[in-house]
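Asker: Below is the file model20.txt, with compact mmCIF, C-alpha atoms.
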# COMPACT_ATOMS: atom_id res chain seq x y z
CA MET A 30 -28.41 40.41 -3.12
CA PHE A 31 -31.26 38.29 -4.51
CA LYS A 32 -32.69 40.21 -7.43
CA GLN A 33 -35.41 38.97 -9.73
CA LYS A 34 -33.01 38.22 -12.58
CA ASN A 35 -30.89 36.09 -10.24
CA TYR A 36 -33.95 34.05 -9.30
CA LEU A 37 -34.86 33.70 -12.96
CA ALA A 38 -31.41 32.48 -14.02
CA LEU A 39 -31.14 30.02 -11.16
CA GLY A 40 -34.68 28.78 -11.79
CA ALA A 41 -33.99 28.31 -15.51
CA VAL A 42 -30.86 26.25 -14.87
CA VAL A 43 -32.56 24.09 -12.22
CA PHE A 44 -35.57 23.61 -14.53
CA VAL A 45 -33.37 22.51 -17.46
CA ALA A 46 -31.42 20.10 -15.24
CA ILE A 47 -34.57 18.55 -13.79
CA VAL A 48 -36.16 18.18 -17.23
CA LEU A 49 -33.02 16.51 -18.59
CA LEU A 50 -32.71 14.17 -15.63
CA SER A 51 -36.34 13.10 -15.81
CA LEU A 52 -36.34 12.34 -19.55
CA PRO A 53 -36.95 8.69 -20.53
CA THR A 54 -33.82 6.64 -21.20
CA HIS A 55 -34.17 6.39 -24.98
CA ALA A 56 -34.66 10.16 -25.27
CA THR A 57 -31.64 10.80 -23.03
CA VAL A 58 -29.47 8.47 -25.12
CA ARG A 59 -30.52 10.24 -28.35
CA LEU A 60 -29.97 13.67 -26.86
CA LYS A 61 -26.62 12.59 -25.48
CA LEU A 62 -25.52 11.36 -28.88
CA ALA A 63 -26.75 14.59 -30.47
CA VAL A 64 -24.80 16.75 -28.01
CA GLY A 65 -21.78 14.44 -28.27
CA SER A 66 -21.82 14.85 -32.06
CA TRP A 67 -20.71 18.47 -31.54
CA PHE A 68 -17.30 16.99 -30.88
CA LEU A 69 -17.20 15.02 -34.15
CA PRO A 70 -15.11 17.60 -36.03
CA LEU A 71 -12.51 17.31 -33.30
CA PHE A 72 -12.31 13.50 -33.54
CA GLY A 73 -9.92 13.74 -36.48
CA LEU A 74 -7.85 16.29 -34.61
CA ALA A 75 -7.55 13.93 -31.66
CA GLY A 76 -6.53 11.09 -33.94
CA ALA A 77 -3.91 13.26 -35.61
CA ALA A 78 -2.59 14.40 -32.22
CA GLN A 79 -2.26 10.81 -31.09
CA GLN A 80 -0.54 9.83 -34.33
CA LEU A 81 1.87 12.79 -34.29
CA PRO A 82 4.41 11.42 -31.75
CA ALA A 83 4.55 8.09 -33.60
CA ASP A 84 5.05 9.88 -36.94
CA LEU A 85 7.77 12.06 -35.45
CA ALA A 86 9.50 9.02 -33.98
CA ASP A 87 9.33 7.25 -37.37
CA SER A 88 10.76 10.25 -39.18
CA VAL A 89 13.85 10.39 -36.97
CA LEU A 90 14.57 6.65 -36.86
CA PRO A 91 17.82 5.74 -38.62
CA ARG A 92 17.70 3.57 -41.72
CA ARG A 93 19.51 0.69 -40.01
CA GLU A 94 16.86 0.60 -37.25
CA LEU A 95 14.06 0.58 -39.82
CA LEU A 96 15.67 -2.28 -41.75
CA LEU A 97 16.00 -4.21 -38.51
CA GLN A 98 12.31 -3.63 -37.73
CA ILE A 99 11.32 -4.75 -41.23
CA ASP A 100 13.41 -7.89 -40.81
CA ASN A 101 11.76 -8.66 -37.45
CA LEU A 102 8.31 -8.03 -38.86
CA ARG A 103 9.00 -10.37 -41.82
CA ARG A 104 10.12 -13.09 -39.41
CA GLU A 105 7.06 -12.55 -37.23
CA ASN A 106 4.81 -12.58 -40.30
CA GLN A 107 6.30 -15.91 -41.38
CA GLN A 108 5.67 -17.39 -37.92
CA LEU A 109 2.08 -16.13 -37.93
CA LYS A 110 1.49 -17.64 -41.37
CA GLU A 111 2.73 -21.01 -40.10
CA GLN A 112 0.54 -20.70 -37.01
CA ARG A 113 -2.44 -19.81 -39.19
CA ILE A 114 -1.97 -22.95 -41.30
CA GLN A 115 -1.86 -25.03 -38.10
CA THR A 116 -4.93 -23.24 -36.72
CA VAL A 117 -6.92 -23.82 -39.90
CA ALA A 118 -6.02 -27.53 -39.76
CA ILE A 119 -7.04 -27.72 -36.10
CA ALA A 120 -10.29 -25.88 -36.78
CA ARG A 121 -11.07 -28.29 -39.63
CA GLU A 122 -10.36 -31.26 -37.38
CA ASN A 123 -12.51 -29.67 -34.64
CA ASP A 124 -15.39 -29.26 -37.09
CA GLN A 125 -15.10 -32.89 -38.22
CA LEU A 126 -15.12 -34.12 -34.62
CA ARG A 127 -18.11 -31.91 -33.82
CA ASN A 128 -19.91 -33.35 -36.85
CA LEU A 129 -19.16 -36.89 -35.67
CA LEU A 130 -20.52 -36.09 -32.20
CA GLY A 131 -23.51 -34.22 -33.60
CA TRP A 132 -22.51 -30.95 -31.91
CA GLN A 133 -23.32 -27.59 -33.41
CA ARG A 134 -20.51 -26.07 -35.42
CA GLN A 135 -18.90 -23.02 -33.83
CA ALA A 136 -19.09 -19.91 -35.95
CA PRO A 137 -15.73 -18.15 -36.35
CA TRP A 138 -15.41 -14.72 -34.76
CA LYS A 139 -15.77 -11.70 -36.99
CA LEU A 140 -13.82 -8.72 -35.78
CA LYS A 141 -13.80 -5.07 -36.79
CA LEU A 142 -10.96 -2.74 -35.86
CA ALA A 143 -11.85 0.55 -34.14
CA ASN A 144 -9.80 3.51 -32.95
CA VAL A 145 -10.24 4.76 -29.41
CA VAL A 146 -11.00 8.46 -29.86
CA MET A 147 -11.98 9.55 -26.36
CA ARG A 148 -12.08 8.43 -22.75
CA ASP A 149 -14.60 9.20 -20.06
CA PRO A 150 -13.73 12.65 -18.63
CA ALA A 151 -15.28 11.67 -15.28
CA ASN A 152 -13.11 9.74 -12.85
CA TRP A 153 -15.95 7.54 -11.59
CA TRP A 154 -16.72 5.72 -14.87
CA ARG A 155 -14.58 3.58 -17.13
CA THR A 156 -15.76 4.09 -20.67
CA ILE A 157 -14.20 4.85 -24.04
CA GLN A 158 -15.53 6.23 -27.31
CA ILE A 159 -14.65 4.39 -30.51
CA ASP A 160 -14.95 5.56 -34.12
CA LEU A 161 -17.40 2.87 -35.24
CA GLY A 162 -21.15 3.37 -35.06
CA SER A 163 -24.43 2.07 -36.37
CA ARG A 164 -23.37 2.81 -39.97
CA ASP A 165 -20.65 0.16 -39.42
CA GLY A 166 -23.15 -2.34 -38.02
CA ILE A 167 -22.27 -1.84 -34.35
CA GLN A 168 -24.94 -2.78 -31.82
CA THR A 169 -25.13 -2.55 -28.05
CA ASN A 170 -23.60 -5.33 -25.95
CA GLN A 171 -21.08 -6.39 -28.60
CA PRO A 172 -17.84 -7.52 -26.92
CA VAL A 173 -14.79 -5.28 -27.27
CA LEU A 174 -11.31 -6.81 -27.08
CA THR A 175 -7.67 -6.37 -27.93
CA ALA A 176 -5.11 -8.93 -29.00
CA ALA A 177 -4.27 -9.38 -25.30
CA GLY A 178 -7.80 -10.06 -24.12
CA LEU A 179 -11.26 -8.80 -23.27
CA VAL A 180 -11.74 -5.07 -22.72
CA GLY A 181 -15.48 -4.51 -22.28
CA ARG A 182 -18.73 -4.22 -24.22
CA ILE A 183 -20.55 -1.62 -26.32
CA SER A 184 -22.94 0.35 -24.12
CA SER A 185 -24.45 2.90 -26.53
CA VAL A 186 -24.26 3.38 -30.28
CA GLY A 187 -24.31 6.56 -32.34
CA TYR A 188 -24.24 6.87 -36.10
CA VAL A 189 -20.46 7.27 -36.41
CA SER A 190 -19.21 6.54 -32.89
CA SER A 191 -20.04 4.29 -29.97
CA GLN A 192 -19.38 4.16 -26.27
CA ALA A 193 -17.86 1.04 -24.73
CA VAL A 194 -17.94 0.33 -21.02
CA LEU A 195 -14.73 -1.29 -19.78
CA ILE A 196 -14.17 -4.19 -17.40
CA GLY A 197 -13.89 -2.85 -13.87
CA ASP A 198 -16.84 -0.48 -14.29
CA GLN A 199 -19.96 -1.30 -12.29
CA ASN A 200 -21.94 -1.54 -15.53
CA CYS A 201 -19.75 -4.24 -17.08
CA ARG A 202 -20.00 -7.53 -15.23
CA VAL A 203 -18.52 -10.57 -16.92
CA SER A 204 -19.15 -14.22 -16.16
CA ALA A 205 -15.71 -15.80 -16.03
CA LEU A 206 -14.18 -19.22 -15.48
CA VAL A 207 -10.76 -20.16 -14.23
CA GLU A 208 -8.66 -22.56 -16.27
CA ASP A 209 -8.08 -25.13 -13.56
CA ALA A 210 -9.13 -28.74 -12.99
CA THR A 211 -12.59 -27.84 -11.69
CA HIS A 212 -13.23 -24.82 -13.97
CA ASP A 213 -14.36 -22.60 -11.08
CA MET A 214 -16.74 -19.88 -12.17
CA GLY A 215 -17.32 -16.39 -10.86
CA VAL A 216 -18.31 -12.89 -11.90
CA LEU A 217 -15.85 -10.10 -12.63
CA THR A 218 -16.96 -7.03 -10.74
CA ALA A 219 -15.65 -3.53 -10.17
CA SER A 220 -12.34 -2.88 -8.52
CA GLY A 221 -10.88 0.26 -6.97
CA PRO A 222 -11.08 3.53 -8.86
CA LEU A 223 -7.31 3.99 -9.15
CA ASP A 224 -5.81 0.76 -10.53
CA THR A 225 -7.34 -0.09 -13.91
CA SER A 226 -5.32 -3.29 -14.31
CA LEU A 227 -6.92 -5.19 -11.40
CA VAL A 228 -10.52 -6.42 -11.08
CA GLN A 229 -12.32 -8.60 -8.55
CA LEU A 230 -13.49 -12.13 -9.37
CA SER A 231 -16.42 -12.59 -6.98
CA TYR A 232 -19.15 -15.16 -6.31
CA LEU A 233 -16.65 -18.04 -6.34
CA ALA A 234 -17.52 -21.20 -4.40
CA SER A 235 -15.83 -21.58 -1.01
CA SER A 236 -14.34 -24.85 -2.25
CA ALA A 237 -12.67 -23.14 -5.23
CA SER A 238 -9.03 -24.17 -5.41
CA LEU A 239 -7.48 -21.17 -7.11
CA LYS A 240 -3.80 -20.36 -7.35
CA PRO A 241 -2.01 -17.21 -8.48
CA GLY A 242 -1.06 -17.34 -12.16
CA GLN A 243 -4.09 -19.31 -13.33
CA THR A 244 -5.76 -18.00 -16.48
CA VAL A 245 -9.24 -16.47 -16.39
CA LEU A 246 -11.47 -16.72 -19.48
CA THR A 247 -15.03 -15.72 -20.34
CA SER A 248 -17.44 -18.52 -19.47
CA GLY A 249 -19.96 -17.83 -22.23
CA LEU A 250 -22.81 -17.54 -19.72
CA GLY A 251 -25.02 -14.49 -19.88
CA GLY A 252 -25.17 -14.35 -23.65
CA VAL A 253 -23.03 -11.25 -24.11
CA PHE A 254 -19.48 -12.58 -24.24
CA PRO A 255 -18.66 -15.78 -26.15
CA LYS A 256 -16.80 -18.50 -24.30
CA GLY A 257 -13.03 -18.59 -24.23
CA ILE A 258 -11.94 -14.96 -24.55
CA PRO A 259 -8.87 -14.51 -22.32
CA ILE A 260 -9.34 -11.95 -19.57
CA GLY A 261 -6.34 -12.12 -17.27
CA LYS A 262 -4.50 -14.03 -14.59
CA ILE A 263 -5.24 -14.55 -10.92
CA VAL A 264 -3.04 -12.47 -8.61
CA ASP A 265 -4.25 -13.55 -5.17
CA VAL A 266 -7.13 -15.35 -3.53
CA GLN A 267 -8.86 -14.74 -0.22
CA ALA A 268 -11.73 -16.27 1.69
CA ILE A 269 -14.54 -13.83 2.50
CA GLU A 270 -17.80 -13.94 4.49
CA TYR A 271 -16.17 -16.05 7.24
CA GLY A 272 -15.00 -18.63 4.71
CA LEU A 273 -18.38 -19.06 3.01
CA ALA A 274 -17.16 -17.62 -0.28
CA THR A 275 -13.95 -16.95 -2.11
CA GLU A 276 -12.80 -13.84 -3.92
CA ALA A 277 -9.80 -13.39 -6.19
CA ARG A 278 -8.04 -10.43 -7.73
CA VAL A 279 -7.41 -10.72 -11.45
CA LYS A 280 -4.75 -8.82 -13.37
CA LEU A 281 -6.16 -7.99 -16.78
CA ASN A 282 -4.21 -8.98 -19.89
CA ALA A 283 -5.27 -5.83 -21.74
CA ASP A 284 -3.85 -2.50 -20.59
CA LEU A 285 -7.04 -0.46 -20.19
CA GLY A 286 -5.10 2.74 -19.51
CA ALA A 287 -3.32 2.69 -22.86
CA LEU A 288 -5.97 1.57 -25.31
CA GLU A 289 -5.51 3.01 -28.80
CA GLN A 290 -7.16 0.42 -31.00
CA VAL A 291 -9.69 -2.24 -30.11
CA TRP A 292 -11.57 -5.00 -31.92
CA VAL A 293 -15.37 -5.17 -31.85
CA LEU A 294 -16.58 -8.75 -32.03
CA PHE A 295 -19.52 -9.58 -34.30
CA LYS A 296 -21.37 -12.79 -33.46
CA MET B 24 -23.66 44.04 -26.45
CA ASN B 25 -20.19 42.58 -26.46
CA PHE B 26 -20.35 38.82 -27.03
CA PHE B 27 -16.60 38.36 -26.98
CA LYS B 28 -16.24 37.30 -23.35
CA PRO B 29 -19.20 34.86 -23.26
CA ALA B 30 -18.09 33.33 -26.56
CA LEU B 31 -14.53 32.98 -25.28
CA ILE B 32 -15.67 31.36 -22.02
CA LEU B 33 -17.98 28.89 -23.78
CA SER B 34 -15.35 28.05 -26.41
CA PHE B 35 -12.82 27.41 -23.67
CA ALA B 36 -15.34 25.16 -21.86
CA PHE B 37 -15.93 23.18 -25.07
CA LEU B 38 -12.21 22.69 -25.65
CA ALA B 39 -11.62 21.89 -21.96
CA VAL B 40 -14.17 19.08 -22.05
CA PHE B 41 -12.67 17.78 -25.29
CA GLY B 42 -9.17 17.93 -23.78
CA GLU B 43 -10.29 16.07 -20.67
CA ALA B 44 -11.71 13.31 -22.87
CA THR B 45 -8.65 12.97 -25.09
CA LEU B 46 -5.63 13.65 -22.91
CA ALA B 47 -4.73 10.53 -20.96
CA ALA B 48 -1.52 11.90 -19.41
CA PRO B 49 -3.02 13.32 -16.15
CA ARG B 50 -4.88 10.08 -15.52
CA SER B 51 -1.83 7.89 -16.11
CA LEU B 52 0.49 10.17 -14.12
CA LEU B 53 -1.75 11.25 -11.23
CA GLY B 54 -4.48 8.62 -11.26
CA ALA B 55 -7.22 11.17 -11.91
CA GLN B 56 -8.39 13.47 -14.68
CA ILE B 57 -8.40 17.16 -13.74
CA ASP B 58 -11.66 18.96 -14.45
CA LEU B 59 -11.20 22.53 -15.69
CA LEU B 60 -14.90 23.48 -15.74
CA PRO B 61 -15.16 24.43 -12.02
CA ALA B 62 -12.13 26.74 -12.28
CA LEU B 63 -13.62 28.26 -15.42
CA MET B 64 -16.90 28.72 -13.59
CA VAL B 65 -15.04 30.70 -10.90
CA TYR B 66 -13.67 33.01 -13.59
CA ALA B 67 -17.10 33.38 -15.21
CA ALA B 68 -18.83 34.04 -11.88
CA LEU B 69 -16.33 36.78 -11.02
CA ASN B 70 -16.00 38.44 -14.41
CA ALA B 71 -19.02 37.71 -16.58
CA ASP B 72 -22.76 38.32 -16.35
CA LEU B 73 -25.33 35.91 -14.97
CA VAL B 74 -26.44 34.75 -18.41
CA THR B 75 -22.91 33.60 -19.17
CA VAL B 76 -22.68 31.82 -15.80
CA SER B 77 -25.97 30.03 -16.48
CA LEU B 78 -24.97 29.16 -20.05
CA LEU B 79 -21.64 27.81 -18.84
CA ALA B 80 -23.36 25.63 -16.25
CA MET B 81 -25.85 24.30 -18.80
CA LEU B 82 -23.64 23.86 -21.87
CA GLY B 83 -20.51 22.86 -19.94
CA GLY B 84 -22.49 20.29 -18.00
CA LEU B 85 -24.18 18.97 -21.14
CA TRP B 86 -20.91 18.67 -23.04
CA PHE B 87 -19.23 16.92 -20.12
CA ASP B 88 -22.10 14.48 -19.64
CA SER B 89 -22.40 13.74 -23.36
CA LEU B 90 -18.86 12.33 -23.43
CA SER B 91 -19.22 10.60 -20.10
CA ALA B 92 -21.36 7.76 -18.78
CA ASN B 93 -23.06 10.31 -16.50
CA PRO B 94 -26.81 10.76 -16.97
CA LEU B 95 -27.31 13.80 -19.18
CA GLY B 96 -27.68 16.97 -17.10
CA VAL B 97 -26.26 15.68 -13.84
CA THR B 98 -23.25 18.03 -13.95
CA VAL B 99 -25.36 21.12 -14.64
CA LEU B 100 -26.57 21.60 -11.07
CA PRO B 101 -23.17 21.16 -9.35
CA LEU B 102 -21.60 23.68 -11.73
CA MET B 103 -24.36 26.17 -11.03
CA ALA B 104 -24.08 25.45 -7.29
CA ALA B 105 -20.40 26.39 -7.50
CA GLY B 106 -20.83 29.46 -9.66
CA PHE B 107 -23.99 31.09 -8.35
CA PRO B 108 -22.85 31.86 -4.75
CA ILE B 109 -19.59 33.27 -6.09
CA TYR B 110 -21.54 35.46 -8.51
CA LEU B 111 -23.71 36.79 -5.68
CA GLN B 112 -20.70 37.65 -3.51
CA ARG B 113 -18.38 38.84 -6.27
CA ASP B 114 -18.31 42.46 -5.14
CA LEU B 115 -16.79 41.32 -1.84
CA ILE B 116 -14.15 39.05 -3.40
CA LEU B 117 -10.69 40.33 -4.26
CA ARG B 118 -10.78 38.74 -7.68
CA GLY B 119 -7.42 40.11 -8.77
CA LEU B 120 -5.47 38.26 -6.08
CA PRO B 121 -3.99 34.93 -7.22
CA PHE B 122 -4.48 33.56 -3.70
CA ALA B 123 -8.21 34.24 -3.83
CA GLN B 124 -8.39 32.70 -7.29
CA CYS B 125 -6.56 29.58 -6.01
CA VAL B 126 -8.85 29.19 -3.01
CA LEU B 127 -12.01 29.65 -5.06
CA GLY B 128 -10.71 27.28 -7.77
CA ALA B 129 -9.94 24.64 -5.15
CA ALA B 130 -13.32 25.05 -3.45
CA ALA B 131 -15.25 24.83 -6.72
CA SER B 132 -13.17 21.87 -7.95
CA ALA B 133 -13.80 20.06 -4.67
CA LEU B 134 -17.51 20.85 -4.61
CA VAL B 135 -18.48 19.93 -8.19
CA PRO B 136 -17.31 16.26 -8.23
CA LEU B 137 -18.63 15.76 -4.71
CA LEU B 138 -22.10 17.02 -5.62
CA THR B 139 -22.07 15.08 -8.90
CA VAL B 140 -21.26 11.79 -7.17
CA LEU B 141 -23.92 12.51 -4.52
CA LEU B 142 -26.50 13.15 -7.25
CA LEU B 143 -25.46 9.94 -9.03
CA LEU B 144 -25.73 7.87 -5.85
CA ASN B 145 -29.05 9.52 -5.08
CA GLY B 146 -30.28 8.61 -8.56
CA GLY B 147 -29.49 4.93 -8.04
CA LYS B 148 -26.38 4.89 -10.25
CA GLN B 149 -23.26 3.00 -9.24
CA PRO B 150 -20.21 5.18 -9.86
CA LEU B 151 -16.78 3.72 -9.19
CA VAL B 152 -16.17 5.04 -5.68
CA GLY B 153 -13.71 3.73 -3.10
CA TRP B 154 -10.80 4.80 -0.96
CA GLY B 155 -8.91 5.68 -4.12
CA SER B 156 -11.59 8.27 -4.87
CA LEU B 157 -10.22 10.33 -1.98
CA TRP B 158 -6.91 10.64 -3.81
CA GLN B 159 -8.72 11.50 -7.06
CA TRP B 160 -10.72 14.16 -5.23
CA LEU B 161 -7.53 15.68 -3.82
CA VAL B 162 -5.91 15.69 -7.26
CA MET B 163 -8.98 17.36 -8.77
CA THR B 164 -9.03 19.96 -5.99
CA ALA B 165 -5.33 20.72 -6.34
CA GLY B 166 -5.66 20.77 -10.12
CA GLY B 167 -8.53 23.24 -9.91
CA ALA B 168 -6.54 25.43 -7.51
CA ALA B 169 -3.60 25.48 -9.89
CA ALA B 170 -5.75 25.99 -12.97
CA ALA B 171 -7.79 28.96 -11.68
CA PRO B 172 -5.00 31.61 -11.74
CA VAL B 173 -3.82 30.30 -15.11
CA ILE B 174 -7.35 30.66 -16.51
CA PHE B 175 -7.62 34.18 -15.10
CA ALA B 176 -4.28 35.16 -16.63
CA LEU B 177 -5.19 33.56 -19.96
CA PHE B 178 -8.52 35.37 -20.18
CA GLU B 179 -6.96 38.67 -19.14
CA TRP B 180 -4.46 38.28 -21.95
CA CYS B 181 -7.16 37.28 -24.43
CA GLY B 182 -9.26 40.26 -23.36
CA ARG B 183 -6.33 42.65 -23.84
CA THR B 184 -5.33 41.15 -27.18
CA PHE B 185 -8.63 40.45 -28.89
CA GLY B 186 -11.21 42.46 -26.96
CA TYR B 187 -12.33 46.03 -27.47
CA GLN B 188 -9.76 48.52 -26.22
CA PRO B 189 -11.07 51.23 -23.81
CA ARG B 190 -11.57 54.55 -25.57
CA THR B 191 -8.87 57.03 -24.63
CA GLU B 192 -10.30 60.23 -23.13
CA THR B 193 -8.87 63.57 -24.25
CA SER B 194 -8.43 66.43 -21.82
CA PHE B 195 -10.08 68.84 -24.28
CA ARG B 196 -13.41 70.35 -23.19
CA ALA B 197 -15.20 72.80 -25.45
CA ASP B 198 -16.81 74.71 -22.57
CA ARG B 199 -13.43 75.48 -21.04
CA GLU B 200 -11.68 76.52 -24.24
CA ILE B 201 -10.04 79.92 -23.96
CA LEU B 202 -10.71 81.69 -27.17
CA ARG B 203 -8.25 84.42 -28.21
CA GLY B 204 -8.44 87.21 -30.75
CA ARG B 205 -10.76 90.17 -31.43
CA ASN B 206 -13.20 88.30 -33.69
CA ASN B 207 -14.32 86.09 -30.82
CA LEU B 208 -15.49 88.82 -28.46
Can I see the file as structure tokens?
Answerer:
Amino acid sequence: MFKQKNYLALGAVVFVAIVLLSLPTHATVRLKLAVGSWFLPLFGLAGAAQQLPADLADSVLPRRELLLQIDNLRRENQQLKEQRIQTVAIARENDQLRNLLGWQRQAPWKLKLANVVMRDPANWWRTIQIDLGSRDGIQTNQPVLTAAGLVGRISSVGYVSSQAVLIGDQNCRVSALVEDATHDMGVLTASGPLDTSLVQLSYLASSASLKPGQTVLTSGLGGVFPKGIPIGKIVDVQAIEYGLATEARVKLNADLGALEQVWVLFK
Amino acid sequence: MNFFKPALILSFAFLAVFGEATLAAPRSLLGAQIDLLPALMVYAALNADLVTVSLLAMLGGLWFDSLSANPLGVTVLPLMAAGFPIYLQRDLILRGLPFAQCVLGAAASALVPLLTVLLLLNGGKQPLVGWGSLWQWLVMTAGGAAAAPVIFALFEWCGRTFGYQPRTETSFRADREILRGRNNL
């Protein structure tokens, strides 16, 4: 049963696995990016496959429906333009007030749009691959968000693609504050492996007076995520550790299961 | 040497990993992504040589880990642990029976994620594991059981269509030819 060639093959595989697992982190990251680049030619194929249903749906839409959509988009565009004018005025006023108080002026966010090209094939991680890399100026720990709210942060960067770790993964902890009278602060930690829309808000004070429906934002602590990015809303609150601490479940604004495009935030 | 079968197996593994990373439907419908590599390893262990089994464990594991947050190489050992015992016992396994293929596919698909998570936990990593993981494990096992006979059928078809055809033997034998006529005496 055990012939010499069997021993050799098994030994070779075990040797390769042990060598790979004991490589230093920077070498592993480079090797991982090199192996992952084998899939680069298929990125475009994946993008086309994702776009195909939308293109098919567009091609069969009746003219009346399209005109209605154009009309709605024009109306929405007009509203956004008005909102933008108001926002610019408010930002100008904010800058003037900051100048009067001697506070540092807040730099506006710079965002870059990225397509989600792949998801983590393993069920025990929550990561995505996006089509922006170091050639686009992406660096590790840059926040990733959608129009709805925070999604995660960049965990590793390749030349043309990057990996982002999503909220709810053990490797993406976010310091968050609740928009209430006392601005209770906690840390968003991992949730269950099945529901991607719920995360735990832990390390809250026992005196925290949280209610379902309150908004959760990034606190700005930790230096990774700027203050004020919306994250989600509180679903329920419970006392833990015999009432010594409080924990809350937060429903994320962004739908992590259906991400197609995300924004990478440049500081 | 005929490289058709190893090339086909490794190409399928490459595409399977790519499919697992791009297709979100199983995850949104069932709550878990189905891994096709263990079922493919069952096919390779029963029908290919040991070099192909080893290459599948190494390359399949590397491809999977390169698209995942897994440490590179962590999936190699579980895949080999699933394929190697099957390879050793393959003469005793009724590989043509769909039931046997299902059982082996389920066993391999249950073993590989279990060993991978154990290796991750042993290496100090923090994978997302909870009660929901039990459901994901069941989905992966059932998915592997369902995928194994399909993979066997697919490779059989590919082998018949694109592989070398067996040479047809003629019943003619020169040493048994009955020669007639006066000139042959």
Asker: Excluding Ile196 (chain A) and residues on its chain fewer than 3 positions from it, collect all residues at most 7 Å away from it, counting all atoms listed in the file, and give them as an MDAnalysis selection string.
Answerer: chainID A and resid 180:181 201
Asker: Show me, as a tab-separated table, the residues of chain A having an atom within 6 Å of chain B, each with the closest atom pair and its distance in Å, using only C-alpha atoms.
Answerer:
residue	atom	partner	partner_atom	distance
A:Ala46	CA	B:Gly96	CA	5.2
A:Leu49	CA	B:Gly96	CA	5.6
A:Leu50	CA	B:Gly96	CA	5.9
A:Lys61	CA	B:Ser89	CA	4.9
A:Gly65	CA	B:Ser89	CA	5.0
A:Met147	CA	B:Thr45	CA	4.9
A:Arg148	CA	B:Ala44	CA	4.9
A:Asp149	CA	B:Ser91	CA	4.8
A:Pro150	CA	B:Ala44	CA	4.7
A:Trp153	CA	B:Leu151	CA	4.6
A:Gly221	CA	B:Gly153	CA	5.9
A:Pro222	CA	B:Gly155	CA	5.6
A:Leu223	CA	B:Gly155	CA	5.5
Asker: Could you work out how far CA of Thr54 (chain A) lies from CA of Val135 (chain B), giving the answer in Å with one decimal?
Answerer: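 Rounded to one decimal, the two atoms are 24.1 Å apart.
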Asker: So that I can see what lies close to Ala105 (chain B), please list as number ranges by chain the residues with an atom at most 8 Å from it, counting only C-alpha atoms and leaving out residues fewer than 6 positions away in the same chain.
Answerer: B: 61, 64-65, 131, 134-135
Asker: For Gly167 (chain B), list every protein, DNA or RNA residue within 9 Å, evaluated using only C-alpha atoms, and leave out those in the same chain fewer than 3 positions away; present the list as a PDB file with C-alpha atoms, in the frame of the given file.
Answerer:
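Okay, this is what ended up in part.pdb:
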ATOM      1  CA  ILE B  57      -8.400  17.160 -13.740  1.00  0.00           C
ATOM      2  CA  ASP B  58     -11.660  18.960 -14.450  1.00  0.00           C
ATOM      3  CA  LEU B  59     -11.200  22.530 -15.690  1.00  0.00           C
ATOM      4  CA  LEU B  60     -14.900  23.480 -15.740  1.00  0.00           C
ATOM      5  CA  PRO B  61     -15.160  24.430 -12.020  1.00  0.00           C
ATOM      6  CA  ALA B  62     -12.130  26.740 -12.280  1.00  0.00           C
ATOM      7  CA  CYS B 125      -6.560  29.580  -6.010  1.00  0.00           C
ATOM      8  CA  LEU B 127     -12.010  29.650  -5.060  1.00  0.00           C
ATOM      9  CA  GLY B 128     -10.710  27.280  -7.770  1.00  0.00           C
ATOM     10  CA  ALA B 129      -9.940  24.640  -5.150  1.00  0.00           C
ATOM     11  CA  ALA B 130     -13.320  25.050  -3.450  1.00  0.00           C
ATOM     12  CA  ALA B 131     -15.250  24.830  -6.720  1.00  0.00           C
ATOM     13  CA  SER B 132     -13.170  21.870  -7.950  1.00  0.00           C
ATOM     14  CA  ALA B 133     -13.800  20.060  -4.670  1.00  0.00           C
ATOM     15  CA  VAL B 162      -5.910  15.690  -7.260  1.00  0.00           C
ATOM     16  CA  MET B 163      -8.980  17.360  -8.770  1.00  0.00           C
ATOM     17  CA  THR B 164      -9.030  19.960  -5.990  1.00  0.00           C
ATOM     18  CA  ALA B 170      -5.750  25.990 -12.970  1.00  0.00           C
ATOM     19  CA  ALA B 171      -7.790  28.960 -11.680  1.00  0.00           C
TER      20      ALA B 171
END
Asker: Can you tell me how far CA of Ile32 (chain B) sits from CA of Pro172 (chain B), in Å to one decimal?
Answerer: 14.8 Å
Asker: What separation in Å, quoted to one decimal, exists between CA of Val146 (chain A) and CA of Ile159 (chain A)?
Answerer: 5.5 Å
Asker: Taking into account all atoms listed in the file, which residue in the set B:Ala176, B:Leu143, B:Ala165, B:Leu137 is nearest to Pro121 (chain B)?
Answerer: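 Looking only at the distances to Pro121 (chain B), the closest residue turns out to be B:Ala176.
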Asker: Need to verify the contact set: Lys262 (chain A), 12 Å, all atoms listed in the file, exclusion of same-chain residues closer than 4 positions in sequence. Can you return it as a list of chain:residue names?
Answerer: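 What passes the distance filter is A:Ala177, A:Gly178, A:Ala205, A:Leu206, A:Val207, A:Glu208, A:Asp209, A:Ser226, A:Leu227, A:Val228, A:Gln229, A:Leu230, A:Leu239, A:Lys240, A:Pro241, A:Gly242, A:Gln243, A:Thr244, A:Val245, A:Leu246, A:Val266, A:Ala277, A:Arg278, A:Val279, A:Lys280, A:Leu281, A:Asn282, A:Ala283.
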Asker: Considering all atoms listed in the file, state which residue in the set A:Ile157, A:Ile99, A:Val293, A:Leu217 is at the smallest distance from Asn170 (chain A).
Answerer: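 The answer is A:Val293, which sits nearest to Asn170 (chain A).
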Asker: With distances taken over all atoms listed in the file, which residue among A:Gly40, A:Val264, A:Gln171, A:Asn123 lies nearest Trp138 (chain A)?
Answerer: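 For Trp138 (chain A), the nearest of the given residues is A:Gln171.
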